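In what follows, a single structure is set out as C-alpha cells and then discussed.
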There are 2 protein chains.
Amino acid sequence: MERNKEETKKKIFDATGKLIAKNGFHALGINAVAREAGVDKVLIYRYFGKLPDLLKAFMDEGNFWPDPEDFITDCDKTNLRETSFTIFSGYASFLRKNSISREIFRWEIIERNELTEMIAAVRESHGVRLTESIKKTLELSSEKAIAVDSVSAIIISGLYYLVLRSKTVDMFSGVDISSDSGWNEINTGLKFMIDAFFDKLEAKS
Amino acid sequence: MERNKEETKKKIFDATGKLIAKNGFHALGINAVAREAGVDKVLIYRYFGKLPDLLKAFMDEGNFWPDPEDFITDCDKTNLRETSFTIFSGYASFLRKNSISREIFRWEIIERNELTEMIAAVRESHGVRLTESIKKTLELSSEKAIAVDSVSAIIISGLYYLVLRSKTVDMFSGVDISSDSGWNEINTGLKFMIDAFFDKLEAKS
DNA sequence: TCACCAAGTCACCTGTAAGTGACATTTTTT
DNA sequence: AAAAAATGTCACTTACAGGTGACTTGGTGA
C-alpha cells in the first residue's frame with residue numbers, strides 16, 4: 001500500500017477515460033470509477049469533489065477538441081476547396097480515432113450542462129472561422145453567404161452523426177460506416193460535394 | 001377504483017410517451033412509468049413484462065418512423081432534385097415536430113439493442129430507395145454512384161444531427177438551429193447543395 | 001522521538017430502482 | 001349462488017448508487 005497522491009490521481013483519470021471510452025458518459029459514476037481504478041471512492045471525493053468536478057478536471061487534463069486548423073498544416077491554405085475538405089475529413093478521421101472525444105460529442109447530444117456548453121462554445125468559434133474565410137474570400141451575395149453557413153453546418157453535422165452512429169450500426173444509407181473502405185467512400189462523396197458546392201458558389205449568377 | 005385493463009394500458013402508454021418525450025429513453029424505468037401513470041408497477045409487469053417488452057409494445061402502437069415517400073405526395077416525382085429536397089427537408093421537419101421519434105433517434109446513437117436495430121433496419125431500407133432511383137435514372141458512372149450513396153448519407157445524417165443537437169444548443173456553425181428562421185436557412189442551404197450536387201452529377205464526365 | 005497531517009481503509013446511512021409473492025376485490029363464468 | 005379468473009393493492013427483498021464519518025497507517029518536520 002504505497003501512498004502517492006499523484007499516482008492515485010492518475011489511476012482515477014485513467015479509469016475515468018477507460019470507462020468513458022467503453023460506456024460513454026451517461027453510465028459513468030463515482031462507484032464505477034473507484035472500482036475500475038482500484039481506489040477507494042472517498043479519495044475521489046477528497047481530491048476532486050463530486051462527479052462533475054472530476055469530469056471537469058479530467059477534461060482539463062486532455063486535449064479532446066482539437067483546433068481544425070491543426071489539420072491543414074501541409075496543404076495550400078489559399079485553396080478553399082482543398083482546405084475545406086481537409087478540415088472536414090480531418091475532423092471526422094480524428095473523431096473516428098479518438099473514442100473519448102467521440103463520447104463527448106455523444107454526451108453533448110444527450111445532456112446540456114456547464115461542461116458540454118463550454119466545450120461546444122469552443123468548437124463553435126472554431127467552426128465559424130472556416131465559413132467566415134470562405135465568405136470573405138469569395139465576396140458572396142447574401143443568399144450564397146447563408147448557403148455557406150448552412151451547408152457547412154449540414155456537412156460537418158453529417159460527419160459527426162456518421163461517426164457516432166457507426167458505434168451502433170454498420171450500414172447507413174448504403175454505406176458501410178463501420179469500415180475504413182466505407183469512410184473512403186464518404187470522403188469521395190465529401191470531395192465531390194464540396195467541389196459541386198464551390199462550382200455553384202463561384203458560378204456567376 | 002374502476003377496473004379496466006384497456007384503460008390502464010392506455011395510461012401506461014401515455015405515461016411512457018410523456019416520459020420519453022421529456023427525458024428520453026435512457027432515463028426511462030418501470031418505477032417512473034408507474035408513478036407517472038398513477039398505476040401500480042405490478043400491472044406493467046403483468047401486462048407487458050420487463051421494460052424492453054413495454055417499449056416494444058409502445059413502439060408497435062405508434063407510427064414513429066414514417067416512410068419518406070409520404071412526404072412527396074404533392075410534388076413531381078420525376079423531378080429528382082425536387083423529390084430529394086422534399087424528402088430530406090420533410091424528414092427533418094417531421095423530426096423537429098415529433099419529440100418521441102426524435103428521442104428514438106437519440107437512443108439509437110447511444111444504445112444498440114434488438115429494438116433500435118429493428119427500427120434502424122426499416123429506415124435503412126427506406127433510405128436506400130431514394131439513392132437507388134437516382135442512380136437508376138441518371139445512369140451514373142461507378143464513381144458518381146458512390147458519391148450518390150455517400151453524399152446522401154452525409155446530408156441526411158447532417159439533418160438528423162442538427163435536429164438532435166438543437167435540444168442542447170442554440171447556435172451551430174453560425175446557424176440558429178433552435179429557431180424556425182434558422183431552419184429556413186438550412187433548407188435554403190440544402191436546396192442549394194442539392195442543386196449543386198445534381199449539376200455536377202449531370203455534367204458530362 | 002514525538003506529534004501532526006495527509007493518504008488510505010472501513011463501515012455505515014440514505015435513497016431508489018427492479019422485481020416478486022401474497023392478498024383483496026371485482027367481474028365473469030358455470 | 002358459488003367458483004374461477006382477472007384486476008388492482010401492499011409489502012417486501014435484493015441490489016446498487018451517492019455520499020459521509022470515523023478510523024488507521026505512513027511520512028515528515030520540530
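Each chain of the C-alpha cells is named A, B, ... in the order shown, its residues numbered from 1; ligands are numbered from 1 in display order.
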
Self-check item: Long-range neighbours of segment 12-29 of chain D as JSON, numbers by chain, 10 Å cut-off, only C-alpha atoms (C1' of nucleotides), 5 positions minimum in chain
Solution: {"A": [1, 2, 3, 29, 30, 31, 32, 41, 42, 45, 50, 51], "C": [3, 4, 5, 6, 7, 8, 9, 10, 11, 12, 13, 14, 15, 16, 17, 18, 19, 20, 21]}

Pull the closest atom pair for each residue of chain A that gets at most 6 Å from chain B, along with the distance in Å to one decimal, counting only C-alpha atoms, ordering rows by chain and then ascending residue number, as JSON lines.
```
{"residue": "A:Ile109", "atom": "CA", "partner": "B:Arg165", "partner_atom": "CA", "distance": 5.3}
{"residue": "A:Arg112", "atom": "CA", "partner": "B:Thr168", "partner_atom": "CA", "distance": 5.2}
{"residue": "A:Glu124", "atom": "CA", "partner": "B:Ser173", "partner_atom": "CA", "distance": 5.8}
{"residue": "A:Gly127", "atom": "CA", "partner": "B:Ser173", "partner_atom": "CA", "distance": 5.5}
{"residue": "A:Val128", "atom": "CA", "partner": "B:Ser173", "partner_atom": "CA", "distance": 5.4}
{"residue": "A:Ala147", "atom": "CA", "partner": "B:Gly189", "partner_atom": "CA", "distance": 4.2}
{"residue": "A:Ser150", "atom": "CA", "partner": "B:Ile186", "partner_atom": "CA", "distance": 5.0}
{"residue": "A:Val151", "atom": "CA", "partner": "B:Gly189", "partner_atom": "CA", "distance": 5.1}
{"residue": "A:Ala153", "atom": "CA", "partner": "B:Ser173", "partner_atom": "CA", "distance": 5.4}
{"residue": "A:Ile154", "atom": "CA", "partner": "B:Gly158", "partner_atom": "CA", "distance": 4.5}
{"residue": "A:Ile155", "atom": "CA", "partner": "B:Gly158", "partner_atom": "CA", "distance": 5.9}
{"residue": "A:Ser157", "atom": "CA", "partner": "B:Gly158", "partner_atom": "CA", "distance": 4.3}
{"residue": "A:Gly158", "atom": "CA", "partner": "B:Gly158", "partner_atom": "CA", "distance": 3.4}
{"residue": "A:Tyr161", "atom": "CA", "partner": "B:Ser157", "partner_atom": "CA", "distance": 5.6}
{"residue": "A:Arg165", "atom": "CA", "partner": "B:Ile109", "partner_atom": "CA", "distance": 5.3}
{"residue": "A:Thr168", "atom": "CA", "partner": "B:Arg112", "partner_atom": "CA", "distance": 5.2}
{"residue": "A:Ser173", "atom": "CA", "partner": "B:Val128", "partner_atom": "CA", "distance": 5.4}
{"residue": "A:Ile186", "atom": "CA", "partner": "B:Ser150", "partner_atom": "CA", "distance": 5.0}
{"residue": "A:Gly189", "atom": "CA", "partner": "B:Ala147", "partner_atom": "CA", "distance": 4.2}
{"residue": "A:Ala196", "atom": "CA", "partner": "B:Ala196", "partner_atom": "CA", "distance": 5.2}
{"residue": "A:Phe197", "atom": "CA", "partner": "B:Ala196", "partner_atom": "CA", "distance": 5.4}
{"residue": "A:Lys200", "atom": "CA", "partner": "B:Ala196", "partner_atom": "CA", "distance": 5.7}
```

Preceding selection exported with N, CA and C atoms as a PDB file, in the first residue's frame:
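Output (selection18.pdb):
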```
ATOM      1  N   ILE A 109     -25.083  15.598 -27.184  1.00  0.00           N
ATOM      2  CA  ILE A 109     -26.392  15.429 -27.806  1.00  0.00           C
ATOM      3  C   ILE A 109     -27.445  15.072 -26.771  1.00  0.00           C
ATOM      4  N   ARG A 112     -27.330  18.749 -21.514  1.00  0.00           N
ATOM      5  CA  ARG A 112     -26.860  20.130 -21.543  1.00  0.00           C
ATOM      6  C   ARG A 112     -26.452  20.512 -20.140  1.00  0.00           C
ATOM      7  N   GLU A 124     -17.714  25.924 -31.497  1.00  0.00           N
ATOM      8  CA  GLU A 124     -18.490  26.844 -32.321  1.00  0.00           C
ATOM      9  C   GLU A 124     -17.597  27.939 -32.894  1.00  0.00           C
ATOM     10  N   GLY A 127     -15.562  26.503 -35.687  1.00  0.00           N
ATOM     11  CA  GLY A 127     -16.336  26.206 -36.889  1.00  0.00           C
ATOM     12  C   GLY A 127     -16.613  27.445 -37.710  1.00  0.00           C
ATOM     13  N   VAL A 128     -16.918  28.534 -37.027  1.00  0.00           N
ATOM     14  CA  VAL A 128     -17.297  29.743 -37.743  1.00  0.00           C
ATOM     15  C   VAL A 128     -16.113  30.309 -38.527  1.00  0.00           C
ATOM     16  N   ALA A 147     -26.025  30.200 -47.613  1.00  0.00           N
ATOM     17  CA  ALA A 147     -25.798  28.821 -48.032  1.00  0.00           C
ATOM     18  C   ALA A 147     -24.478  28.295 -47.468  1.00  0.00           C
ATOM     19  N   SER A 150     -25.082  27.355 -43.779  1.00  0.00           N
ATOM     20  CA  SER A 150     -25.946  26.216 -43.514  1.00  0.00           C
ATOM     21  C   SER A 150     -25.416  24.949 -44.175  1.00  0.00           C
ATOM     22  N   VAL A 151     -24.807  25.088 -45.340  1.00  0.00           N
ATOM     23  CA  VAL A 151     -24.249  23.894 -45.976  1.00  0.00           C
ATOM     24  C   VAL A 151     -23.106  23.337 -45.138  1.00  0.00           C
ATOM     25  N   ALA A 153     -22.789  23.679 -42.024  1.00  0.00           N
ATOM     26  CA  ALA A 153     -23.417  23.096 -40.834  1.00  0.00           C
ATOM     27  C   ALA A 153     -23.913  21.689 -41.127  1.00  0.00           C
ATOM     28  N   ILE A 154     -24.564  21.529 -42.277  1.00  0.00           N
ATOM     29  CA  ILE A 154     -25.091  20.212 -42.628  1.00  0.00           C
ATOM     30  C   ILE A 154     -23.962  19.207 -42.819  1.00  0.00           C
ATOM     31  N   ILE A 155     -22.928  19.626 -43.524  1.00  0.00           N
ATOM     32  CA  ILE A 155     -21.850  18.679 -43.818  1.00  0.00           C
ATOM     33  C   ILE A 155     -21.124  18.239 -42.562  1.00  0.00           C
ATOM     34  N   SER A 157     -22.136  18.369 -39.523  1.00  0.00           N
ATOM     35  CA  SER A 157     -23.068  17.595 -38.708  1.00  0.00           C
ATOM     36  C   SER A 157     -23.200  16.177 -39.231  1.00  0.00           C
ATOM     37  N   GLY A 158     -23.269  16.068 -40.550  1.00  0.00           N
ATOM     38  CA  GLY A 158     -23.387  14.743 -41.146  1.00  0.00           C
ATOM     39  C   GLY A 158     -22.215  13.867 -40.776  1.00  0.00           C
ATOM     40  N   TYR A 161     -22.507  12.843 -37.124  1.00  0.00           N
ATOM     41  CA  TYR A 161     -23.535  11.817 -36.929  1.00  0.00           C
ATOM     42  C   TYR A 161     -23.052  10.457 -37.412  1.00  0.00           C
ATOM     43  N   ARG A 165     -22.859   7.300 -35.111  1.00  0.00           N
ATOM     44  CA  ARG A 165     -23.769   6.198 -35.439  1.00  0.00           C
ATOM     45  C   ARG A 165     -23.010   4.918 -35.726  1.00  0.00           C
ATOM     46  N   THR A 168     -23.146   2.026 -33.325  1.00  0.00           N
ATOM     47  CA  THR A 168     -24.331   1.199 -33.083  1.00  0.00           C
ATOM     48  C   THR A 168     -24.946   0.612 -34.343  1.00  0.00           C
ATOM     49  N   SER A 173     -27.543   4.183 -45.087  1.00  0.00           N
ATOM     50  CA  SER A 173     -27.851   4.669 -46.427  1.00  0.00           C
ATOM     51  C   SER A 173     -26.950   4.025 -47.477  1.00  0.00           C
ATOM     52  N   ILE A 186     -17.088   7.762 -48.162  1.00  0.00           N
ATOM     53  CA  ILE A 186     -17.630   9.008 -47.626  1.00  0.00           C
ATOM     54  C   ILE A 186     -16.733  10.180 -47.991  1.00  0.00           C
ATOM     55  N   GLY A 189     -17.343  11.064 -51.546  1.00  0.00           N
ATOM     56  CA  GLY A 189     -18.571  11.841 -51.666  1.00  0.00           C
ATOM     57  C   GLY A 189     -18.396  13.254 -51.144  1.00  0.00           C
ATOM     58  N   ALA A 196     -18.739  20.368 -55.996  1.00  0.00           N
ATOM     59  CA  ALA A 196     -20.001  20.795 -56.589  1.00  0.00           C
ATOM     60  C   ALA A 196     -20.462  22.102 -55.960  1.00  0.00           C
ATOM     61  N   PHE A 197     -20.295  22.173 -54.665  1.00  0.00           N
ATOM     62  CA  PHE A 197     -20.747  23.352 -53.934  1.00  0.00           C
ATOM     63  C   PHE A 197     -19.962  24.597 -54.355  1.00  0.00           C
ATOM     64  N   LYS A 200     -20.845  25.829 -57.821  1.00  0.00           N
ATOM     65  CA  LYS A 200     -22.064  26.630 -57.865  1.00  0.00           C
ATOM     66  C   LYS A 200     -21.875  27.973 -57.176  1.00  0.00           C
TER      67      LYS A 200
END
```

Exercise. May I have all residues of chain B that DSSP, computed from the backbone, assigns to strand (DSSP E), given as a PyMOL selection string?
Key: chain B and resi 171-172+175-176

Output file for the selection above: N, CA and C atoms, as a compact mmCIF listing (two decimals), in the first residue's frame:
```
# COMPACT_ATOMS: atom_id res chain seq x y z
N MET B 171 -26.88 27.76 -31.23
CA MET B 171 -26.16 28.10 -32.45
C MET B 171 -25.24 26.96 -32.86
N PHE B 172 -25.28 26.66 -34.14
CA PHE B 172 -24.36 25.65 -34.64
C PHE B 172 -23.77 26.13 -35.96
N VAL B 175 -25.46 29.03 -37.43
CA VAL B 175 -26.88 28.92 -37.74
C VAL B 175 -27.66 28.71 -36.44
N ASP B 176 -28.77 29.41 -36.30
CA ASP B 176 -29.60 29.27 -35.10
C ASP B 176 -30.54 28.08 -35.27
```

Self-check item: Secondary structure check, helix (DSSP H, G or I) residues of segment 32-195 of chain A, as a VMD selection string
Solution: chain A and resid 32 to 37 41 to 47 51 to 61 68 to 72 80 to 97 99 to 110 114 to 138 142 to 165 180 to 195

Exercise. Kindly provide, as a PyMOL selection string, the residues of chain D having any atom no farther than 12 Å from an atom of chain B, counting only C-alpha atoms (C1' of nucleotides).
Key: chain D and resi 6-10
